[in-house]
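One file, entry-v7.tsv, carrying TSV, C-alpha atoms and all ligand atoms:
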```
chain	number	residue	atom	x	y	z
A	7	MET	CA	0.00	0.00	0.00
A	8	ASN	CA	1.37	3.43	-0.91
A	9	LYS	CA	1.89	5.85	1.96
A	10	PRO	CA	0.10	9.21	1.67
A	11	ILE	CA	2.16	12.11	0.37
A	12	VAL	CA	2.85	14.77	3.00
A	13	VAL	CA	4.93	17.29	1.04
A	14	SER	CA	4.60	17.65	-2.71
A	15	ALA	CA	6.58	20.18	-4.76
A	16	LYS	CA	5.85	20.52	-8.46
A	17	ASN	CA	8.07	22.72	-10.64
A	18	LEU	CA	8.62	24.84	-7.56
A	19	GLY	CA	10.60	28.02	-8.05
A	20	LEU	CA	11.46	30.91	-5.78
A	21	THR	CA	13.32	34.02	-6.85
A	22	PHE	CA	14.33	36.80	-4.46
A	23	PRO	CA	14.49	40.23	-6.09
A	24	THR	CA	17.51	42.06	-4.64
A	25	GLY	CA	19.32	45.33	-5.33
A	26	ASP	CA	21.94	43.33	-7.25
A	27	GLY	CA	19.39	41.54	-9.43
A	28	ASP	CA	17.35	38.41	-8.94
A	29	VAL	CA	18.62	35.54	-6.76
A	30	ILE	CA	17.14	32.24	-7.92
A	31	ALA	CA	16.98	30.34	-4.62
A	32	LEU	CA	14.92	27.42	-5.99
A	33	SER	CA	14.40	26.39	-9.59
A	34	ASP	CA	12.10	23.69	-10.91
A	35	VAL	CA	12.08	21.56	-7.76
A	36	ASN	CA	10.01	18.37	-8.04
A	37	LEU	CA	9.79	16.23	-4.95
A	38	ASP	CA	7.27	14.05	-3.12
A	39	ILE	CA	7.77	13.16	0.53
A	40	ALA	CA	5.66	10.30	1.85
A	41	LYS	CA	4.32	9.98	5.38
A	42	GLY	CA	6.90	8.62	7.80
A	43	GLU	CA	9.93	9.34	5.63
A	44	PHE	CA	13.14	10.87	6.99
A	45	VAL	CA	14.38	13.16	4.23
A	46	SER	CA	17.70	14.98	4.34
A	47	PHE	CA	18.57	17.96	2.16
A	48	ILE	CA	22.26	18.31	1.50
A	49	GLY	CA	24.21	20.78	-0.62
A	50	PRO	CA	26.65	23.66	-0.41
A	51	SER	CA	25.83	26.96	1.22
A	52	GLY	CA	23.26	28.95	-0.72
A	53	CYS	CA	21.66	26.06	-2.63
A	54	GLY	CA	18.23	26.80	-1.18
A	55	LYS	CA	17.89	24.19	1.56
A	56	THR	CA	16.67	26.66	4.17
A	57	THR	CA	14.49	28.41	1.61
A	58	PHE	CA	12.77	25.11	0.80
A	59	LEU	CA	12.03	24.44	4.47
A	60	ARG	CA	10.85	28.02	4.97
A	61	THR	CA	8.55	27.69	1.96
A	62	ILE	CA	6.97	24.56	3.43
A	63	ALA	CA	6.49	26.54	6.65
A	64	ASP	CA	4.81	29.42	4.73
A	65	LEU	CA	7.63	31.79	5.72
A	66	GLU	CA	8.51	32.34	2.03
A	67	GLN	CA	6.20	32.46	-0.99
A	68	PRO	CA	6.97	30.46	-4.16
A	69	THR	CA	7.22	32.48	-7.35
A	70	SER	CA	6.34	29.53	-9.59
A	71	GLY	CA	5.01	26.00	-9.40
A	72	THR	CA	3.05	24.50	-6.52
A	73	LEU	CA	3.72	23.20	-3.06
A	74	THR	CA	1.24	21.30	-0.92
A	75	ILE	CA	1.39	19.92	2.62
A	76	ASN	CA	-1.08	17.11	3.21
A	77	GLY	CA	-2.85	18.37	0.08
A	78	LEU	CA	-3.23	21.87	1.55
A	79	THR	CA	-1.49	25.14	0.73
A	80	PRO	CA	1.39	26.12	3.06
A	81	ALA	CA	-0.82	28.86	4.54
A	82	GLU	CA	-3.61	26.37	5.34
A	83	ALA	CA	-1.09	23.88	6.73
A	84	ARG	CA	0.35	26.59	8.94
A	85	GLN	CA	-3.10	27.37	10.32
A	86	ASN	CA	-3.60	23.67	11.00
A	87	ARG	CA	-0.29	23.55	12.86
A	88	ALA	CA	0.85	20.82	10.47
A	89	TYR	CA	4.50	20.97	11.50
A	90	GLY	CA	7.06	21.78	14.17
A	91	TYR	CA	10.22	23.75	13.25
A	92	VAL	CA	13.66	23.34	14.80
A	93	PHE	CA	16.16	26.08	13.96
A	94	GLN	CA	19.94	26.00	13.52
A	95	ALA	CA	20.60	27.54	16.92
A	96	PRO	CA	18.52	26.43	19.93
A	97	ALA	CA	16.66	29.82	20.14
A	98	LEU	CA	15.38	29.28	23.69
A	99	TYR	CA	14.33	32.27	25.82
A	100	PRO	CA	17.02	32.64	28.53
A	101	TRP	CA	14.59	34.06	31.11
A	102	ARG	CA	12.23	31.09	30.87
A	103	THR	CA	12.81	27.62	32.28
A	104	ILE	CA	12.94	24.71	29.82
A	105	ALA	CA	9.35	23.77	30.71
A	106	LYS	CA	8.21	27.38	30.16
A	107	ASN	CA	10.05	27.51	26.84
A	108	ILE	CA	8.22	24.41	25.64
A	109	ALA	CA	4.95	25.82	26.99
A	110	LEU	CA	5.22	29.15	25.15
A	111	PRO	CA	3.72	28.14	21.79
A	112	LEU	CA	1.08	26.09	23.65
A	113	GLU	CA	0.18	29.14	25.76
A	114	ILE	CA	-0.16	31.24	22.63
A	115	MET	CA	-2.46	28.62	21.11
A	116	GLY	CA	-4.63	28.71	24.24
A	117	HIS	CA	-3.96	25.21	25.59
A	118	SER	CA	-5.06	24.75	29.21
A	119	ALA	CA	-2.48	24.48	32.01
A	120	ALA	CA	-3.26	20.77	32.34
A	121	GLN	CA	-2.74	20.17	28.61
A	122	GLN	CA	0.50	22.13	28.75
A	123	SER	CA	1.90	20.08	31.64
A	124	GLU	CA	0.93	16.84	29.97
A	125	ARG	CA	2.62	17.83	26.69
A	126	ILE	CA	5.73	19.15	28.47
A	127	ALA	CA	6.14	15.90	30.40
A	128	ARG	CA	5.63	13.79	27.28
A	129	THR	CA	8.01	15.70	25.02
A	130	MET	CA	10.71	16.04	27.72
A	131	GLU	CA	10.54	12.27	28.08
A	132	LEU	CA	10.81	11.78	24.30
A	133	VAL	CA	14.04	13.79	24.09
A	134	ASN	CA	15.46	12.27	27.29
A	135	LEU	CA	15.35	15.48	29.29
A	136	ALA	CA	12.91	14.42	32.00
A	137	GLY	CA	14.02	15.98	35.29
A	138	PHE	CA	15.39	19.16	33.67
A	139	GLU	CA	12.05	20.99	33.40
A	140	GLN	CA	12.89	23.68	35.94
A	141	LYS	CA	16.39	24.43	34.63
A	142	TYR	CA	17.20	27.54	32.61
A	143	PRO	CA	18.75	27.15	29.13
A	144	TRP	CA	22.18	28.37	30.32
A	145	GLN	CA	22.26	25.53	32.86
A	146	LEU	CA	22.19	22.95	30.05
A	147	SER	CA	24.88	21.89	27.55
A	148	GLY	CA	24.54	22.84	23.86
A	149	GLY	CA	23.30	19.35	23.01
A	150	MET	CA	20.68	19.44	25.77
A	151	GLN	CA	19.51	22.88	24.64
A	152	GLN	CA	19.07	21.57	21.12
A	153	ARG	CA	17.09	18.62	22.51
A	154	ALA	CA	14.90	21.11	24.39
A	155	SER	CA	14.29	22.93	21.08
A	156	ILE	CA	13.25	19.63	19.53
A	157	ALA	CA	10.89	19.05	22.46
A	158	ARG	CA	9.34	22.46	21.83
A	159	ALA	CA	8.83	21.61	18.15
A	160	LEU	CA	7.27	18.28	19.14
A	161	ALA	CA	4.90	19.85	21.65
A	162	PHE	CA	2.17	20.44	19.06
A	163	ASP	CA	2.36	16.79	18.12
A	164	ALA	CA	2.36	17.68	14.44
A	165	ASP	CA	3.09	14.84	12.02
A	166	LEU	CA	5.76	16.80	10.19
A	167	LEU	CA	9.01	18.01	11.73
A	168	LEU	CA	11.17	20.56	9.88
A	169	MET	CA	14.76	20.62	11.14
A	170	ASP	CA	17.26	23.16	9.79
A	171	GLU	CA	20.79	21.97	10.64
A	172	PRO	CA	19.87	21.40	14.26
A	173	PHE	CA	23.19	19.79	15.20
A	174	GLY	CA	25.56	21.86	13.02
A	175	ALA	CA	27.09	23.75	15.93
A	176	LEU	CA	27.76	20.70	18.11
A	177	ASP	CA	30.92	18.64	18.40
A	178	GLU	CA	31.04	15.28	16.69
A	179	ILE	CA	30.59	13.04	19.72
A	180	VAL	CA	27.48	14.92	20.87
A	181	ARG	CA	26.22	14.99	17.31
A	182	ASP	CA	26.64	11.21	16.94
A	183	HIS	CA	24.69	10.72	20.13
A	184	LEU	CA	21.89	13.08	19.08
A	185	ASN	CA	21.73	11.45	15.64
A	186	SER	CA	21.06	8.04	17.14
A	187	GLU	CA	18.60	9.58	19.64
A	188	LEU	CA	16.79	11.29	16.79
A	189	LEU	CA	16.45	8.02	14.88
A	190	LYS	CA	14.92	6.37	17.95
A	191	LEU	CA	12.56	9.30	18.40
A	192	TRP	CA	11.56	9.08	14.74
A	193	ALA	CA	10.90	5.32	15.09
A	194	ARG	CA	8.79	5.88	18.22
A	195	THR	CA	6.76	8.80	16.89
A	196	GLN	CA	6.48	7.78	13.18
A	197	LYS	CA	6.80	11.43	12.16
A	198	THR	CA	7.78	12.69	8.75
A	199	ILE	CA	11.06	14.58	9.06
A	200	CYS	CA	12.71	17.08	6.70
A	201	PHE	CA	16.27	17.64	7.84
A	202	VAL	CA	18.84	20.09	6.45
A	203	THR	CA	22.52	19.23	6.85
A	204	HIS	CA	25.98	19.88	5.42
A	205	SER	CA	27.29	16.54	6.59
A	206	ILE	CA	27.34	13.54	4.25
A	207	PRO	CA	27.62	10.93	7.07
A	208	GLU	CA	24.78	12.59	8.98
A	209	ALA	CA	22.54	12.62	5.89
A	210	VAL	CA	23.27	8.97	5.06
A	211	TYR	CA	22.98	7.78	8.65
A	212	LEU	CA	19.60	9.42	9.29
A	213	SER	CA	17.69	9.31	6.06
A	214	THR	CA	15.34	7.10	4.15
A	215	LYS	CA	15.71	9.60	1.30
A	216	ILE	CA	18.58	11.99	0.53
A	217	VAL	CA	17.97	15.03	-1.64
A	218	VAL	CA	21.22	16.38	-3.13
A	219	MET	CA	21.01	20.04	-4.15
A	220	SER	CA	23.24	22.40	-6.10
A	221	PRO	CA	23.42	26.20	-6.01
A	222	ARG	CA	22.82	28.96	-8.53
A	223	PRO	CA	20.06	28.23	-9.14
A	224	GLY	CA	19.05	25.93	-6.26
A	225	ARG	CA	18.13	22.66	-7.96
A	226	VAL	CA	17.62	19.05	-6.93
A	227	ILE	CA	20.33	17.07	-8.68
A	228	ASP	CA	19.84	13.63	-7.14
A	229	VAL	CA	17.27	11.88	-4.94
A	230	ILE	CA	18.59	8.75	-3.29
A	231	ASP	CA	16.26	6.23	-1.67
A	232	SER	CA	18.33	4.59	1.03
A	233	PRO	CA	18.48	0.79	1.05
A	234	LEU	CA	19.72	0.79	4.68
A	235	PRO	CA	17.48	-0.89	7.30
A	236	HIS	CA	15.48	1.39	9.62
A	237	GLU	CA	17.34	0.11	12.66
A	238	ARG	CA	20.82	1.67	12.46
A	239	PRO	CA	23.56	1.23	15.00
A	240	LEU	CA	26.27	3.93	14.68
A	241	ASP	CA	28.78	1.43	13.28
A	242	ILE	CA	26.57	0.95	10.22
A	243	ARG	CA	28.62	3.91	8.95
A	244	GLU	CA	31.52	1.57	8.29
A	245	THR	CA	29.56	-0.90	6.11
A	246	PRO	CA	30.04	-1.07	2.31
A	247	GLU	CA	26.32	-0.24	1.78
A	248	PHE	CA	26.67	2.96	3.81
A	249	LEU	CA	29.89	3.99	2.08
A	250	ALA	CA	28.36	3.37	-1.34
A	251	ILE	CA	25.52	5.82	-0.61
A	252	ALA	CA	27.98	8.36	0.84
A	253	HIS	CA	30.00	8.03	-2.37
A	254	ARG	CA	26.94	8.69	-4.52
A	255	VAL	CA	26.07	11.79	-2.46
A	256	ARG	CA	29.66	13.07	-2.77
A	257	GLU	CA	29.63	12.51	-6.54
A	258	GLY	CA	26.36	14.44	-6.81
A	259	LEU	CA	27.74	17.32	-4.77
A	260	ARG	CA	30.90	17.39	-6.88
A	261	ALA	CA	28.93	17.37	-10.16
A	262	GLY	CA	26.73	20.23	-8.97
A	263	HIS	CA	29.56	22.31	-7.57
A	264	SER	CA	30.58	25.49	-9.28
A	265	TYR	CA	34.26	26.38	-9.00
A	266	GLU	CA	33.71	29.91	-10.24
A	267	GLU	CA	34.24	31.68	-6.91
A	301	LIG	N1	15.37	37.08	1.99
A	301	LIG	C1	16.29	36.89	1.03
A	301	LIG	N2	16.56	37.87	0.13
A	301	LIG	C2	17.47	37.69	-0.85
A	301	LIG	N3	18.17	36.56	-1.05
A	301	LIG	C3	17.95	35.56	-0.18
A	301	LIG	C4	17.02	35.68	0.90
A	301	LIG	N4	17.01	34.50	1.59
A	301	LIG	C5	17.92	33.70	0.97
A	301	LIG	N5	18.47	34.33	-0.09
A	301	LIG	C6	19.45	33.76	-1.04
A	301	LIG	O1	18.88	32.58	-1.58
A	301	LIG	C7	19.87	31.58	-1.76
A	301	LIG	C8	19.48	30.33	-0.99
A	301	LIG	O2	19.59	30.58	0.41
A	301	LIG	P1	19.35	29.47	1.54
A	301	LIG	O3	19.50	30.13	2.86
A	301	LIG	O4	18.07	28.77	1.26
A	301	LIG	O5	20.55	28.47	1.27
A	301	LIG	P2	21.04	27.24	2.13
A	301	LIG	O6	21.28	26.15	1.17
A	301	LIG	O7	20.10	26.97	3.26
A	301	LIG	O8	22.41	27.79	2.69
A	301	LIG	P3	23.17	27.47	4.09
A	301	LIG	O9	23.67	26.08	3.95
A	301	LIG	O10	24.26	28.48	4.09
A	301	LIG	O11	22.18	27.66	5.19
A	301	LIG	C9	21.19	32.20	-1.28
A	301	LIG	O12	21.88	32.68	-2.40
A	301	LIG	C10	20.73	33.32	-0.38
A	301	LIG	O13	21.70	34.35	-0.36
```

For the file at hand, write its structure as structure tokens.
Amino acid sequence: MNKPIVVSAKNLGLTFPTGDGDVIALSDVNLDIAKGEFVSFIGPSGCGKTTFLRTIADLEQPTSGTLTINGLTPAEARQNRAYGYVFQAPALYPWRTIAKNIALPLEIMGHSAAQQSERIARTMELVNLAGFEQKYPWQLSGGMQQRASIARALAFDADLLLMDEPFGALDEIVRDHLNSELLKLWARTQKTICFVTHSIPEAVYLSTKIVVMSPRPGRVIDVIDSPLPHERPLDIRETPEFLAIAHRVREGLRAGHSYEE
């Protein structure tokens, strides 16, 4: 049975008019993301990865083509709270405890205090931060702060999670740990995840589908459906199957790279 399509881009284009002329951030992007997939977007700086996520989130408007989320326009999906968004930096309010940070969007949406506590407890548990509810962000490590940001994005319990390089600023050991935690969380929650990264091993380790992009204009140059099993111990990264996918991603990035600069 085919899984329903959550995100569908057809001939999607987005051009930013600037003082120096038009910047084509996305050009002719065609992509379907099915329910429950873990999709990574990889490519050099400026290839439109963030713009694509922001367009899904209705923070940017396409200039051509169509984009739907669960069959709805991005604006309708936004009203339906169809997704949670995790930014590059943790973006937690320093004057609020972790629990209060997670509660903020729920407060704004008018959830009752009881609903808020229940969601806070559940999401803190999901990201392995139970017990840290009353701490302030500065009392937590960078990795824990990023987990708290993920908890906040999960609090709405949306089926779609948009993650823009959430672990880019963390050291490799912490990142490895959070990668395997994220896979477990994905398996437990069955969410659809769109994940932006610059790291080939991270993209291959996490994804069921890898979207390789190239800049100027931002285009999709390869879409790789991963043959790796869903259960992935960290040492899967040393297997020939893993290295073969990493090789294909690297080749795609090399082919799309411009050496003009
Ligand atoms: N608001 C804007 N106005 C003008 N140009 C923009 C705007 N936002 C993004 N761009 C340009 O669009 C292109 C794509 O940017 P985007 O941030 O999506 O790239 P990216 O692949 O996410 O890069 P990075 O890996 O550095 O985050 C870049 O050339 C960028 O300079």

Could you list, with a cut-off of 12 Å and counting only C-alpha atoms and all ligand atoms, the residues of chain A near ligand LIG 301 (chain A), each shown with its nearest atom pair and the distance in Å rounded to one decimal, rows sorted by chain and ascending number, as CSV?
```
residue,atom,partner,partner_atom,distance
A:Gly19,CA,A:LIG301,O1,11.5
A:Leu20,CA,A:LIG301,O1,8.7
A:Thr21,CA,A:LIG301,O1,7.8
A:Phe22,CA,A:LIG301,C2,4.9
A:Pro23,CA,A:LIG301,C2,6.5
A:Thr24,CA,A:LIG301,C2,5.8
A:Gly25,CA,A:LIG301,C2,9.0
A:Asp26,CA,A:LIG301,C2,9.6
A:Gly27,CA,A:LIG301,C2,9.6
A:Asp28,CA,A:LIG301,C2,8.1
A:Val29,CA,A:LIG301,N3,5.8
A:Ile30,CA,A:LIG301,O1,6.6
A:Ala31,CA,A:LIG301,O1,4.2
A:Leu32,CA,A:LIG301,C8,7.4
A:Ser33,CA,A:LIG301,C8,10.7
A:Phe47,CA,A:LIG301,O6,8.7
A:Ile48,CA,A:LIG301,O6,7.9
A:Gly49,CA,A:LIG301,O6,6.4
A:Pro50,CA,A:LIG301,O9,5.8
A:Ser51,CA,A:LIG301,O9,3.6
A:Gly52,CA,A:LIG301,O5,3.4
A:Cys53,CA,A:LIG301,O6,3.8
A:Gly54,CA,A:LIG301,O4,3.1
A:Lys55,CA,A:LIG301,O6,3.9
A:Thr56,CA,A:LIG301,O7,3.6
A:Thr57,CA,A:LIG301,O4,3.6
A:Phe58,CA,A:LIG301,O4,6.5
A:Leu59,CA,A:LIG301,O4,8.1
A:Arg60,CA,A:LIG301,O4,8.2
A:Thr61,CA,A:LIG301,O4,9.6
A:Leu65,CA,A:LIG301,N1,10.1
A:Glu66,CA,A:LIG301,N1,8.3
A:Gln67,CA,A:LIG301,N1,10.7
A:Phe93,CA,A:LIG301,O11,10.8
A:Gln94,CA,A:LIG301,O11,8.8
A:Ala95,CA,A:LIG301,O11,11.8
A:Met169,CA,A:LIG301,O7,11.4
A:Asp170,CA,A:LIG301,O7,8.1
A:Glu171,CA,A:LIG301,O11,8.0
A:Pro172,CA,A:LIG301,O11,11.3
A:Gly174,CA,A:LIG301,O9,10.2
A:Phe201,CA,A:LIG301,O7,11.1
A:Val202,CA,A:LIG301,O7,7.7
A:Thr203,CA,A:LIG301,O9,7.5
A:His204,CA,A:LIG301,O9,6.8
A:Ser205,CA,A:LIG301,O9,10.5
A:Val217,CA,A:LIG301,O6,11.9
A:Val218,CA,A:LIG301,O6,10.7
A:Met219,CA,A:LIG301,O6,8.1
A:Ser220,CA,A:LIG301,O6,8.4
A:Pro221,CA,A:LIG301,O6,7.5
A:Arg222,CA,A:LIG301,O12,7.2
A:Pro223,CA,A:LIG301,C7,8.1
A:Gly224,CA,A:LIG301,C8,6.9
A:Arg225,CA,A:LIG301,O6,10.3
A:Val226,CA,A:LIG301,O6,11.4
```

Checklist entry - Any idea what's packed within 10 Å of Leu112 of chain A, counting all atoms listed in the file, ignoring anything in its chain fewer than 3 positions away? Could you give it as a PyMOL selection string? => result chain A and resi 106-109+115-119+121-122+125-126+158+161-162

Item to check | Spatial neighbours of Arg102 of chain A, 10 Å, only C-alpha atoms, chain gap at least 6 places, as an MDAnalysis selection string | outcome: chainID A and resid 108:110 140:143

Checklist entry - Quick one: residues within 8 Å of Thr214 of chain A, all atoms listed in the file counted, chain neighbours fewer than 2 positions away excluded, as a list in words? => result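 Residues near the query, excluding close chain neighbours: Glu43, Phe44, Val45, Leu212, Ile216, Asp231, Ser232, Pro233, Leu234 and His236 of chain A.
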
Checklist entry - To one decimal place, how far is atom CA of Ala157 of chain A from atom CA of Pro96 of chain A in Å? => result 10.9 Å

Item to check | Pairwise distance for atom CA of Gly149 of chain A and atom CA of Ala175 of chain A, rounded to one decimal in Å | outcome: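 So the answer is 9.2 Å.
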
Next on the checklist: For a test of reading the model, state the distance in Å between atom CA of Leu98 of chain A and atom CA of Ala154 of chain A, rounded to one decimal.
Outcome noted: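 Straight-line distance from atom CA of Leu98 of chain A to atom CA of Ala154 of chain A works out to 8.2 Å.
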
Next on the checklist: Counting all atoms listed in the file, which residue out of A:Ser46, A:Thr195, A:Asn185, A:Asn36 sits closest to Thr74 of chain A?
Outcome noted: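 Ranking A:Ser46, A:Thr195, A:Asn185, A:Asn36 by distance to Thr74 of chain A, first place goes to A:Asn36.
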
Centre and size of axis-aligned box enclosing segment 167-179 of chain A plus 8 Å each side, as lines of an AutoDock Vina configuration file:
```
center_x = 20.0
center_y = 18.4
center_z = 14.8
size_x = 38.0
size_y = 26.7
size_z = 25.9
```

Checklist outcome for this item: Among A:Leu146, A:Val210, A:Ala120, A:Leu18, Pro100 of chain A is approached most closely, using only C-alpha atoms, by A:Leu146

Next on the checklist: So, with all atoms listed in the file as the atoms that count, which of A:Ala81, A:Ala193, A:Val180, A:Val255 lies closest to Lys215 of chain A?
Outcome noted: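 Looking at the shortest contact to Lys215 of chain A, the residue is A:Val255.
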
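Non-sequential neighbours of Ile156 of chain A (distance at most 10 Å, separation of 3 or more positions within a chain, all atoms listed in the file) are A:Gly90, A:Tyr91, A:Val92, A:Phe93, A:Pro96, A:Ile108, A:Thr129, A:Met130, A:Leu132, A:Val133, A:Met150, A:Gln151, A:Gln152, A:Arg153, A:Ala159, A:Leu160, A:Ala161, A:Leu167, A:Leu168, A:Met169, A:Pro172, A:Leu188.
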
Next on the checklist: Can you tell me which residues surround Pro239 of chain A at a distance of at most 10 Å, considering all atoms listed in the file, apart from same-chain residues fewer than 5 positions away, and format the answer as a ChimeraX atom specification?
Outcome noted: /A:186,189,211

Let me see the file: selected residues, C-alpha atoms, as a PDB file, in the frame of the given file.
```pdb
ATOM      1  CA  SER A 186      21.060   8.040  17.140  1.00  0.00           C
ATOM      2  CA  LEU A 189      16.450   8.020  14.880  1.00  0.00           C
ATOM      3  CA  TYR A 211      22.980   7.780   8.650  1.00  0.00           C
TER       4      TYR A 211
END
```

Next on the checklist: Using all atoms listed in the file, can you tell me which of A:Ala209, A:Gly77, A:Asn17, A:Ala88 comes closest to Ala63 of chain A?
Outcome noted: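 Selected residue with least distance to Ala63 of chain A: A:Ala88.
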
Checklist entry - With only C-alpha atoms as the basis for distance, which of A:Tyr89, A:Trp144, A:Tyr99, A:Phe248 is at the shortest distance from Asp163 of chain A? => result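 Going through A:Tyr89, A:Trp144, A:Tyr99, A:Phe248 one by one, the smallest distance to Asp163 of chain A is for A:Tyr89.
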
Item to check | Exercise: residues within 7 Å of coordinate (3.7, 17.3, -0.3), counting only C-alpha atoms, as a PyMOL selection string | outcome: chain A and resi 11-15+38-39+73-77

How would the residues just picked look written out with C-alpha atoms as a compact mmCIF listing (two decimals), in the frame of the given file?
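The resulting file, result-v2.txt, is shown below:
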```
# COMPACT_ATOMS: atom_id res chain seq x y z
CA ILE A 11 2.16 12.11 0.37
CA VAL A 12 2.85 14.77 3.00
CA VAL A 13 4.93 17.29 1.04
CA SER A 14 4.60 17.65 -2.71
CA ALA A 15 6.58 20.18 -4.76
CA ASP A 38 7.27 14.05 -3.12
CA ILE A 39 7.77 13.16 0.53
CA LEU A 73 3.72 23.20 -3.06
CA THR A 74 1.24 21.30 -0.92
CA ILE A 75 1.39 19.92 2.62
CA ASN A 76 -1.08 17.11 3.21
CA GLY A 77 -2.85 18.37 0.08
```
